[in-house]
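Notes follow once the structure below has been shown.
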Amino acid sequence: MSKEEALSADVVIIGAGVAGSLSALELVSSGLSVLVLDAGPRVTRGEIVENFRNAPATTRALTTPYPPKPWALAPFNDVDGTALDYLQVDGPDGDAYQTDYLRLVGGTTWHWAGCAWRHLPNDFRLQSLYGVGRDWPISYAELEPYYYRAELQMGVCGPDPSRGGVDLGSPRSQPYPMAEMPWTYTSKVFADAVSKYTDYRLIHEPEARNVQPYDGRPACGGNNNCMPICPIGAMYNGMESVLKAEKAGARVMENSVVYYIETDASNRNVVAVHFYDPNKKSYRVTGKAFILAAHNIESVKLLLMSKDDKNPNGLANSTDQVGRYMMEHAGTEVQFTTRDPVWMGQGPQHTAAIDSLRDGPWRGEMAASITRIDDTNQTTYATQKALSMGLVGKALDAEIRHGAAHRIEISSHHAVLPNPENRLTLADKKDVLGIPFPKVYYSIDEYTRKSARRTIAMYEDIFRGMGATDILYIPDANNPLKFAAQDHPMGGALMGNDPANSVCDRECRSHEQKNLYFASSAVFNNTGTGNPTLTVAALALRVADTIKSELLHQ
């Protein structure tokens, strides 16, 4: 691309993850020209799988198969063995926001688990019903058609009352595209224990994973490394929608790091975005409408970076709301050895969850939560433990076999209320392009801690029912209430009716720039309990419809 090449499109989208790619596909299919800019590189499934296979088992973190690019760093990246601490965290619970995400074409759904939960209707009216937190300016009923469209695009399987399945509490206009994923052996054993020894229920999780061939993708083959990569493509990721959007005529540019959003003289319209290539050559891209779909952390960071005489505090930030209300599910995790074998790791990593504490009248006093089996193979843990015991020969083999068969891990994520003091700012540290790292101050209040104490009591019931020994809490073995990030970051550019306490309106349009839209979890007014990805996808499709209505009917 020459420096003189003019770059322009009807719609310019920043970020080629699930939100950016789905909105691009919807818009280009309507006849609009679409240009998508992503900070990271384009990768293939084959190279990621090889990276994963060649990594030492003890270092197979979610980000391991995704080598960082100096111009598109992400959390837990390191370069030449040096940890960069890209996402700076601070505050009494800063570590609970040390979340994980990717910056590359296709986005973080390259290494997600496929969990595709809808919010509950009551999640949208938390303040009205329970007197805590904030209400969304839209209702579940308004978003429901978009939930279904997102499920069709992503290929979601799940239980459905119309097919004899359980009701997950989110009313549906249509059944899931596919029936639920069969439970693993571990899930069946766990379900038996939960039903016998607790008052909770275990249900099939809704997942963007094929139980049969769907949309050109194969059925799940039971590989147990959905995180960090599904080797056969049975699980949806944003790259699927990227490829469809390109086939329909969209242009997707990788290694294009947007660093500034430019407005017109009135400051009411965005006229262009500016991006660097890896050599720090700058380009200007004009358009009629702009979608900020670069993950909530990167989207907020870009708004704060877009300072000029008209926007001294950053774009869309005249009321100092950009970066506030950062949220993330507060996680409690535990491993233990069971009396009977459970054989973790025989199938996809997530198929079952306890959903009994997602809603109830107690939400005025404590947070809602969800608990799931983290169904990953335990051979590495069992081997490391056996070796630490000094065992050799047949005794070593027997201990590894026992550990692999009897070890189980469960985790819970608890809702967090929006707090204006939990905020993202720009750190002093910068990358090779001179772009600041993001920094988040974070604290978790008693509302969430009370819920976590209830979860620990539930764990105790499960321990008794399964004959638990060798109990290990994560991340702090000595503190069960030490929260871990669940990689579900939200907030920073909340949706609302009042510009004094929100950044965008009910259409996800900036209060201050009428052609700037947000398509990410940045707009969430509360966390709910389920993974946020499906709600992000639904909102992105809704944003696309709004833009189509405006640009095609001018």
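Going by the structure tokens order, chains are called A, B, ..., each with residues numbered from 1, while ligands are numbered from 1 in the order shown.
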Using DSSP secondary structure from the backbone, list all strand (DSSP E) positions within stretch 70-214 of chain A, as a list in words.
Asp78, Val79, Thr82, Ala83, Gln88, Val89, Asp90, Leu202, Ile203 and His204 of chain A
Take the residues from that selection and put them in a file with N, CA and C atoms, as an mmCIF file, in the first residue's frame.
data_model
loop_
_atom_site.group_PDB
_atom_site.id
_atom_site.type_symbol
_atom_site.label_atom_id
_atom_site.label_comp_id
_atom_site.auth_asym_id
_atom_site.auth_seq_id
_atom_site.Cartn_x
_atom_site.Cartn_y
_atom_site.Cartn_z
ATOM 1 N N ASP A 78 5.075 -11.692 26.320
ATOM 2 C CA ASP A 78 6.449 -11.298 26.608
ATOM 3 C C ASP A 78 7.222 -11.354 25.297
ATOM 4 N N VAL A 79 8.282 -10.586 25.231
ATOM 5 C CA VAL A 79 9.111 -10.522 24.037
ATOM 6 C C VAL A 79 10.533 -10.892 24.436
ATOM 7 N N THR A 82 11.166 -11.522 28.103
ATOM 8 C CA THR A 82 10.953 -10.433 29.059
ATOM 9 C C THR A 82 9.457 -10.158 29.193
ATOM 10 N N ALA A 83 8.934 -10.316 30.414
ATOM 11 C CA ALA A 83 7.518 -10.031 30.644
ATOM 12 C C ALA A 83 7.285 -8.528 30.566
ATOM 13 N N GLN A 88 -1.496 -3.016 32.955
ATOM 14 C CA GLN A 88 -1.097 -2.630 34.303
ATOM 15 C C GLN A 88 -2.325 -2.666 35.212
ATOM 16 N N VAL A 89 -2.219 -3.276 36.388
ATOM 17 C CA VAL A 89 -3.353 -3.341 37.309
ATOM 18 C C VAL A 89 -2.933 -2.800 38.660
ATOM 19 N N ASP A 90 -3.898 -2.180 39.332
ATOM 20 C CA ASP A 90 -3.635 -1.552 40.618
ATOM 21 C C ASP A 90 -4.910 -1.626 41.442
ATOM 22 N N LEU A 202 -27.439 -29.002 37.927
ATOM 23 C CA LEU A 202 -26.420 -28.915 36.893
ATOM 24 C C LEU A 202 -27.117 -28.987 35.543
ATOM 25 N N ILE A 203 -26.775 -28.049 34.658
ATOM 26 C CA ILE A 203 -27.439 -27.980 33.356
ATOM 27 C C ILE A 203 -26.409 -28.027 32.227
ATOM 28 N N HIS A 204 -26.881 -28.317 31.030
ATOM 29 C CA HIS A 204 -26.030 -28.249 29.841
ATOM 30 C C HIS A 204 -25.771 -26.774 29.519
#
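Excluding A:Pro499 itself and same-chain residues fewer than 4 positions from it, the residues having an atom within 9 Å of it are A:Thr319, A:Gln321, A:Val503, A:Cys504, A:Asp505, A:His511, A:Glu512, counting only C-alpha atoms.
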Next, the residues of the selection above should be written as a tab-separated table (two decimals), in the first residue's frame with N, CA and C atoms.
chain	number	residue	atom	x	y	z
A	319	THR	N	-17.75	14.50	29.95
A	319	THR	CA	-18.30	14.31	31.32
A	319	THR	C	-17.45	13.36	32.16
A	321	GLN	N	-16.54	10.24	31.78
A	321	GLN	CA	-17.10	8.90	31.99
A	321	GLN	C	-16.32	7.80	31.27
A	503	VAL	N	-21.54	6.93	28.34
A	503	VAL	CA	-20.75	7.37	27.19
A	503	VAL	C	-21.54	7.27	25.89
A	504	CYS	N	-22.43	6.27	25.80
A	504	CYS	CA	-23.22	6.10	24.58
A	504	CYS	C	-24.69	5.91	24.93
A	505	ASP	N	-25.54	6.08	23.93
A	505	ASP	CA	-26.98	5.99	24.16
A	505	ASP	C	-27.47	4.56	23.98
A	511	HIS	N	-22.77	9.71	22.80
A	511	HIS	CA	-23.58	10.90	23.11
A	511	HIS	C	-23.03	12.13	22.40
A	512	GLU	N	-21.73	12.14	22.12
A	512	GLU	CA	-21.08	13.36	21.64
A	512	GLU	C	-20.81	13.37	20.14
Please provide the set of residues having any atom within 8 Å of stretch 432-440 of chain A, restricted to only C-alpha atoms, with same-chain residues fewer than 3 positions apart removed, written as a PyMOL selection string.
chain A and resi 70-71+86-90+94+97+259+276+278+280+297-298+301+326+422-429
Given only C-alpha atoms as the basis, pick out the residue of A:Tyr325, A:Tyr66, A:Phe518, A:Tyr176 nearest to A:Glu205.
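Closest residue, counting only C-alpha atoms: A:Tyr176.
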Which of A:Val257, A:Val189, A:Ala367, A:Ile13 sits closest to A:Asn515 [using only C-alpha atoms]:
A:Ile13
So, counting only C-alpha atoms, which residue among A:Arg449, A:Lys430, A:Arg217, A:Arg163 is closest to A:Thr332?
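Ranking A:Arg449, A:Lys430, A:Arg217, A:Arg163 by distance to A:Thr332, first place goes to A:Arg449.
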Excluding A:Ser521 and its own-chain neighbours fewer than 3 positions away, which residues fall within 7 Å of it when counting only C-alpha atoms? Please give them as a list in words.
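My list of contacting residues is Asn296, Met490, Gly491, Phe524 and Val536 of chain A.
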Which is closer to A:Ser282 than all the others in A:Tyr130, A:Asn317, A:Ala540, A:Asn255, using only C-alpha atoms?
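Once distances to A:Ser282 are computed over only C-alpha atoms, the minimum belongs to A:Asn255.
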Quick one: residues within 8 Å of A:Arg268, only C-alpha atoms counted, chain neighbours fewer than 5 positions away excluded, as a PyMOL selection string?
chain A and resi 263+512-514
Please provide as an MDAnalysis selection string all residues within 10 Å of A:Arg134, with the sequence filter that same-chain residues fewer than 5 positions apart are discarded (counting only C-alpha atoms).
chainID A and resid 123:128 417:418 496 524:526
Where does DSSP see alpha helix (DSSP H) in stretch 282-493 of chain A, if you list the residues as an MDAnalysis selection string?
chainID A and resid 296:305 379:388 393:406 446:466
Which neighbours of A:Val334 fall inside 6 Å, counting only C-alpha atoms, when residues of the same chain fewer than 4 positions from it are skipped, and could you give them as a ChimeraX atom specification?
/A:409-410,472-474
Per-residue nearest contacts of stretch 460-544 of chain A to stretch 23-42 of chain A (12 Å; only C-alpha atoms) as JSON lines:
{"residue": "A:Tyr517", "atom": "CA", "partner": "A:Ser23", "partner_atom": "CA", "distance": 11.2}
{"residue": "A:Phe518", "atom": "CA", "partner": "A:Ser23", "partner_atom": "CA", "distance": 10.9}
{"residue": "A:Ala519", "atom": "CA", "partner": "A:Ser23", "partner_atom": "CA", "distance": 8.5}
{"residue": "A:Ser520", "atom": "CA", "partner": "A:Ser23", "partner_atom": "CA", "distance": 11.2}
{"residue": "A:Val536", "atom": "CA", "partner": "A:Ser23", "partner_atom": "CA", "distance": 10.8}
{"residue": "A:Ala537", "atom": "CA", "partner": "A:Ser23", "partner_atom": "CA", "distance": 8.4}
{"residue": "A:Ala538", "atom": "CA", "partner": "A:Ser23", "partner_atom": "CA", "distance": 9.6}
{"residue": "A:Leu539", "atom": "CA", "partner": "A:Ser23", "partner_atom": "CA", "distance": 9.2}
{"residue": "A:Ala540", "atom": "CA", "partner": "A:Ser23", "partner_atom": "CA", "distance": 5.6}
{"residue": "A:Leu541", "atom": "CA", "partner": "A:Ser23", "partner_atom": "CA", "distance": 5.5}
{"residue": "A:Arg542", "atom": "CA", "partner": "A:Ser23", "partner_atom": "CA", "distance": 8.4}
{"residue": "A:Val543", "atom": "CA", "partner": "A:Ser23", "partner_atom": "CA", "distance": 7.4}
{"residue": "A:Ala544", "atom": "CA", "partner": "A:Ser23", "partner_atom": "CA", "distance": 5.3}
Could you work out how far atom CA of A:Phe463 lies from atom CA of A:Asp397, giving the answer in Å with one decimal?
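Spanning atom CA of A:Asp397 to atom CA of A:Phe463 is a straight-line distance of 26.1 Å.
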For a test of reading the model, state the distance in Å between atom CA of A:Thr371 and atom CA of A:Gln349, rounded to one decimal.
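Value for the atom CA of A:Thr371-atom CA of A:Gln349 distance: 13.7 Å.
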Give the answer as one residue: which of A:Glu207, A:Asp375, A:Glu142, A:Asp264 has the shortest atom-to-atom distance to A:Lys288, using only C-alpha atoms?
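With only C-alpha atoms as the atom set, the closest residue is A:Asp264.
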Which distance in Å separates atom CA of A:Gly221 and atom CA of A:Arg209, to one decimal?
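Taking atom CA of A:Gly221 as the start and atom CA of A:Arg209 as the end point, the length is 10.4 Å.
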